[in-house]
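Note sheet for the following structure.
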Amino acid sequence: MRVDEKLALDAFKVDKESHIKINHDICRTRCKIKYCLFVCPGHLYTFNEENNEVVVEFAGCLECGTCKVACIEGAIEWQYPRGEYGVQYRFG
Amino acid sequence: MEKIDAVIVGGGLSGLACAYRLADNDLQVIVLERGDFPGSKNVTGGRLYLEPIKSLIGDMLDGAPLERKVVRERWSLLGENNSLNIDFTGERLRKTGHSYTVLRATLDRWLSERLMEKGVFVIPTKKVDDLIWEDKKVAGIISGEEEIPAHVVVAADGVLSFMAEKAGLRPKMKPKNYAVGIKEVIELSEEKINDRFNVEKDEGCAHLFLGDVTKGMFGGGFLYTNKDTISLGVVIGIKALMEKAPTLEAHTLLDDFKARYEIKRLVDGGNLIEYSAHVIPEGGYNNISRLYGDGILVTGDAAGFALNMGVTVRGMEFAIASGIIAAETILMARQKADYSAQTLSAYESRLKETFVLKDMINCKDMPDFLDNDAFFTFYPKYFPYFVEKVMWFGDQPKEKIGQTLWRELKSSGMISFKRLKELYSIKNI
């Protein structure tokens, strides 16, 4: 099963605004490797060649915090989603 | 505004345990949980060891929805295409409720309902944004537009603890001190689980895997049997994952693990019903946060109370115990009407008298010891390999078994100064 299909099994309440903000200046200038592209268990980060920037599908965020820890340059500003929003585990 | 006795940030096991003890002593307590209900943002492997907390918890977990009593402990070393297992069971495990598999959305929710029956306010969908400061002392929390002044704030907000960070009690998170756990919950009938894992009704199995499951990176695989589900997952050190060359997408590890011969048959026909992930503290005692400040205590994962002991991983009993000890500290502080860091420092002293910090301190060298590629590549590769060599009967006459073994032990480097040094160093961990 593909990872996006796995995410589709989970219960999410999606906020209008993203709880993950990317500082593209820092991302472009300081981060060579872009760890976020492969450490995320939801595989939510992709690189948009056209705009030359990393984009994140915040709606499928499992709120694990891996990207926050792995973004050592500090380009990712990661907060918990507002109360009422985000993933709601039914088993955990 | 008048202050309540305590506000607890986070309705996980440490926050709820803390509230439980405080409510027993009629303190005014509010628990704020950002999820739809306590447990809805939590992930565990996992299993809870009950023996260490038996004397602390009183009746707190009486009737708790635990999944299965672990009576079978398994470990596997996974080579690329072979494996070697140890399977332990014993009467002592079967007779005592030593440890249980759990699911957090069930367990935490149940505990929060018990608390509400006691009159504690457990408020869901409430994310805490900031701390209130008063003369450089923590004096409550801010959630959206709302302020809740309190004599003491308990930061029970998990491994990413924004509260401990805001209070200046926790340093920046470094990749080497954390791992990520990625998990699937797979639905399978109770009877099938009993049969496939060779256990009786309500009995279960805890199985850890080392080696090819993480492609040589720090970490391992896990499988826990719940009542009618299986928790299957991998844990990978974040630093190891970042440094992996060529790069590897984290989520593919679990797919590869699940497709292995060793796992496939165990979960065959099961329905995948949830996919989850969470960061885990791996830094041990040397990476715990400062545990108290003026008007604040830090508990559970927020404090870094988790222990990878190589042969097993522990966390939830540390969370529960630290929550209860935080509550006892608050009761003492209330009697003195003094919530200063000096008074609250009793929390740390008391933790040092219990298994929480005793075990953490005892195992403080474990993270460095485990930070050794040999555990994730060399041993998982060669132990199954030796067995294969010995057990293979080909078209030529069989060499003496001892001779084969001796040659392989030598040529693999198993008998070497380096390995001997590793063996010798286990006395320190």
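We label chains A, B, ... in the order they appear in the structure tokens, count residues from 1 in each chain, and number ligands from 1 in the order shown.
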- request: Find the spatial neighbours of region 47-55 of chain A, counting only C-alpha atoms, within a cut-off of 12 Å - ignore same-chain residues fewer than 6 positions away - and output them as a PyMOL selection string.
  value: chain A and resi 18+20-29+31-38+75-76
8 Å contacts from chain B to chain A using only C-alpha atoms, as an MDAnalysis selection string: chainID B and resid 34:36 39:44 103:106 124:127 160 173:175 178 180 182 185 238:239 241:242 247:251 273:279
Written selection (C-alpha atoms) as a PDB file, in the first residue's frame:
ATOM      1  CA  ARG B  34      -5.031  19.400  22.415  1.00  0.00           C
ATOM      2  CA  GLY B  35      -6.588  16.324  20.788  1.00  0.00           C
ATOM      3  CA  ASP B  36     -10.268  15.408  20.483  1.00  0.00           C
ATOM      4  CA  GLY B  39      -4.918   9.525  23.729  1.00  0.00           C
ATOM      5  CA  SER B  40      -5.922  10.872  20.323  1.00  0.00           C
ATOM      6  CA  LYS B  41      -2.470  12.385  19.736  1.00  0.00           C
ATOM      7  CA  ASN B  42      -0.481   9.617  21.393  1.00  0.00           C
ATOM      8  CA  VAL B  43       1.435   6.744  19.901  1.00  0.00           C
ATOM      9  CA  THR B  44       3.128   3.846  21.641  1.00  0.00           C
ATOM     10  CA  LEU B 103      -3.165   1.168  22.711  1.00  0.00           C
ATOM     11  CA  ARG B 104      -3.099   4.777  23.813  1.00  0.00           C
ATOM     12  CA  ALA B 105      -6.322   6.035  22.305  1.00  0.00           C
ATOM     13  CA  THR B 106      -8.094   3.408  24.421  1.00  0.00           C
ATOM     14  CA  PRO B 124     -10.043  18.401  25.083  1.00  0.00           C
ATOM     15  CA  THR B 125      -9.238  20.331  21.885  1.00  0.00           C
ATOM     16  CA  LYS B 126      -7.377  22.859  23.977  1.00  0.00           C
ATOM     17  CA  LYS B 127      -3.895  23.638  22.752  1.00  0.00           C
ATOM     18  CA  LEU B 160       8.366  17.796  21.675  1.00  0.00           C
ATOM     19  CA  MET B 173      16.539  19.044  20.163  1.00  0.00           C
ATOM     20  CA  LYS B 174      19.482  17.354  18.462  1.00  0.00           C
ATOM     21  CA  PRO B 175      18.890  14.554  15.917  1.00  0.00           C
ATOM     22  CA  TYR B 178      15.864  11.198  19.061  1.00  0.00           C
ATOM     23  CA  VAL B 180      11.236   8.172  14.983  1.00  0.00           C
ATOM     24  CA  ILE B 182       6.578   4.449  12.450  1.00  0.00           C
ATOM     25  CA  VAL B 185      -2.103  -1.131  13.484  1.00  0.00           C
ATOM     26  CA  ILE B 238      16.925  10.418  13.223  1.00  0.00           C
ATOM     27  CA  LYS B 239      20.627  11.178  12.881  1.00  0.00           C
ATOM     28  CA  LEU B 241      18.426   8.391   8.868  1.00  0.00           C
ATOM     29  CA  MET B 242      19.777  11.806   7.956  1.00  0.00           C
ATOM     30  CA  THR B 247      19.295   8.438   1.109  1.00  0.00           C
ATOM     31  CA  LEU B 248      16.338   6.302   2.025  1.00  0.00           C
ATOM     32  CA  GLU B 249      12.719   7.340   2.450  1.00  0.00           C
ATOM     33  CA  ALA B 250      11.772   6.505   6.028  1.00  0.00           C
ATOM     34  CA  HIS B 251       8.318   5.161   5.255  1.00  0.00           C
ATOM     35  CA  ILE B 273      -6.547   0.224  10.102  1.00  0.00           C
ATOM     36  CA  GLU B 274      -4.174   2.961  11.226  1.00  0.00           C
ATOM     37  CA  TYR B 275      -0.832   4.460  10.269  1.00  0.00           C
ATOM     38  CA  SER B 276       0.999   6.516  12.875  1.00  0.00           C
ATOM     39  CA  ALA B 277       4.385   7.941  13.755  1.00  0.00           C
ATOM     40  CA  HIS B 278       6.064   9.684  16.634  1.00  0.00           C
ATOM     41  CA  VAL B 279       9.429  10.940  17.794  1.00  0.00           C
TER      42      VAL B 279
END
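CA of Ile193 (chain B) sits 8.3 Å away from CA of Leu266 (chain B).
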statement: Correct to one decimal, the distance CA of Asp24 (chain B)-CA of Glu67 (chain B) is 26.5 Å
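Minimum atom-to-atom distances from B:Met217, B:Ala321, B:Ala346, B:Val102 to Ser231 (chain B) were compared using only C-alpha atoms, and the lowest value belongs to B:Val102.
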Write out as a PDB file with N, CA and C atoms, in the first residue's frame each polymer residue whose atoms come within 6 Å of Ala302 (chain B), counting only C-alpha atoms; drop sequence neighbours fewer than 6 positions from it.
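Result file follows (out39.pdb):
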ATOM      1  N   ALA B 156       3.414  18.265  30.716  1.00  0.00           N
ATOM      2  CA  ALA B 156       3.269  16.839  30.400  1.00  0.00           C
ATOM      3  C   ALA B 156       2.909  16.735  28.927  1.00  0.00           C
ATOM      4  N   ASP B 157       3.559  17.580  28.129  1.00  0.00           N
ATOM      5  CA  ASP B 157       3.136  17.744  26.739  1.00  0.00           C
ATOM      6  C   ASP B 157       3.995  16.976  25.741  1.00  0.00           C
ATOM      7  N   GLY B 158       4.578  15.881  26.215  1.00  0.00           N
ATOM      8  CA  GLY B 158       5.205  14.958  25.274  1.00  0.00           C
ATOM      9  C   GLY B 158       6.607  15.332  24.839  1.00  0.00           C
ATOM     10  N   VAL B 159       7.174  14.477  24.012  1.00  0.00           N
ATOM     11  CA  VAL B 159       8.586  14.555  23.640  1.00  0.00           C
ATOM     12  C   VAL B 159       8.956  15.901  23.015  1.00  0.00           C
ATOM     13  N   SER B 161       7.831  18.722  23.842  1.00  0.00           N
ATOM     14  CA  SER B 161       7.468  19.714  24.870  1.00  0.00           C
ATOM     15  C   SER B 161       7.788  21.175  24.565  1.00  0.00           C
TER      16      SER B 161
END
task: Give me every strand (DSSP E) residue in region 251-422 of chain B, going by DSSP on the backbone, as a list in words.
output: Asn271, Leu272, Ile273, Glu274, Tyr275, Ser276, Ala277, His278, Val279, Ile280, Pro281, Tyr292, Gly293, Ile296, Leu297, Val298, Leu307, Asn308, Val313 and Arg314 of chain B
Mind dumping the selected residues with C-alpha atoms as a tab-separated table (two decimals), in the first residue's frame?
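Contents of the output file part_25.tsv:
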chain	number	residue	atom	x	y	z
B	271	ASN	CA	-6.56	-5.25	7.77
B	272	LEU	CA	-4.42	-2.18	8.05
B	273	ILE	CA	-6.55	0.22	10.10
B	274	GLU	CA	-4.17	2.96	11.23
B	275	TYR	CA	-0.83	4.46	10.27
B	276	SER	CA	1.00	6.52	12.87
B	277	ALA	CA	4.38	7.94	13.75
B	278	HIS	CA	6.06	9.68	16.63
B	279	VAL	CA	9.43	10.94	17.79
B	280	ILE	CA	10.95	9.05	20.74
B	281	PRO	CA	13.57	10.31	23.21
B	292	TYR	CA	11.68	21.91	37.55
B	293	GLY	CA	11.67	25.68	37.64
B	296	ILE	CA	6.77	24.42	36.76
B	297	LEU	CA	7.52	20.69	36.67
B	298	VAL	CA	8.33	18.56	33.64
B	307	LEU	CA	14.87	4.19	28.11
B	308	ASN	CA	16.19	2.07	25.30
B	313	VAL	CA	12.30	-0.16	25.39
B	314	ARG	CA	10.48	1.57	28.20
task: Mind checking which residues fall within 10 Å of Glu113 (chain B), counting only C-alpha atoms, ignoring those fewer than 6 positions away in the same chain, and posting them as JSON, numbers by chain?
output: {"B": [37, 38, 119, 120, 122]}
message: Quick one: residues within 10 Å of Pro171 (chain B), only C-alpha atoms, excluding same-chain residues fewer than 4 positions away - as a ChimeraX atom specification?
response: /B:164-165,287-290
task: Among the residues of chain A, find those DSSP assigns to alpha helix (DSSP H) from the backbone and print them as an MDAnalysis selection string.
output: chainID A and resid 3:7 24:30 36:39 66:70
- prompt: Restricting the calculation to only C-alpha atoms, which member of B:Glu147, B:Glu187, B:Glu91, B:Glu328 is positioned closest to Val7 (chain B)?
  reply: B:Glu147
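Between CA of Ser76 (chain B) and CA of Glu422 (chain B) the separation is 19.9 Å.
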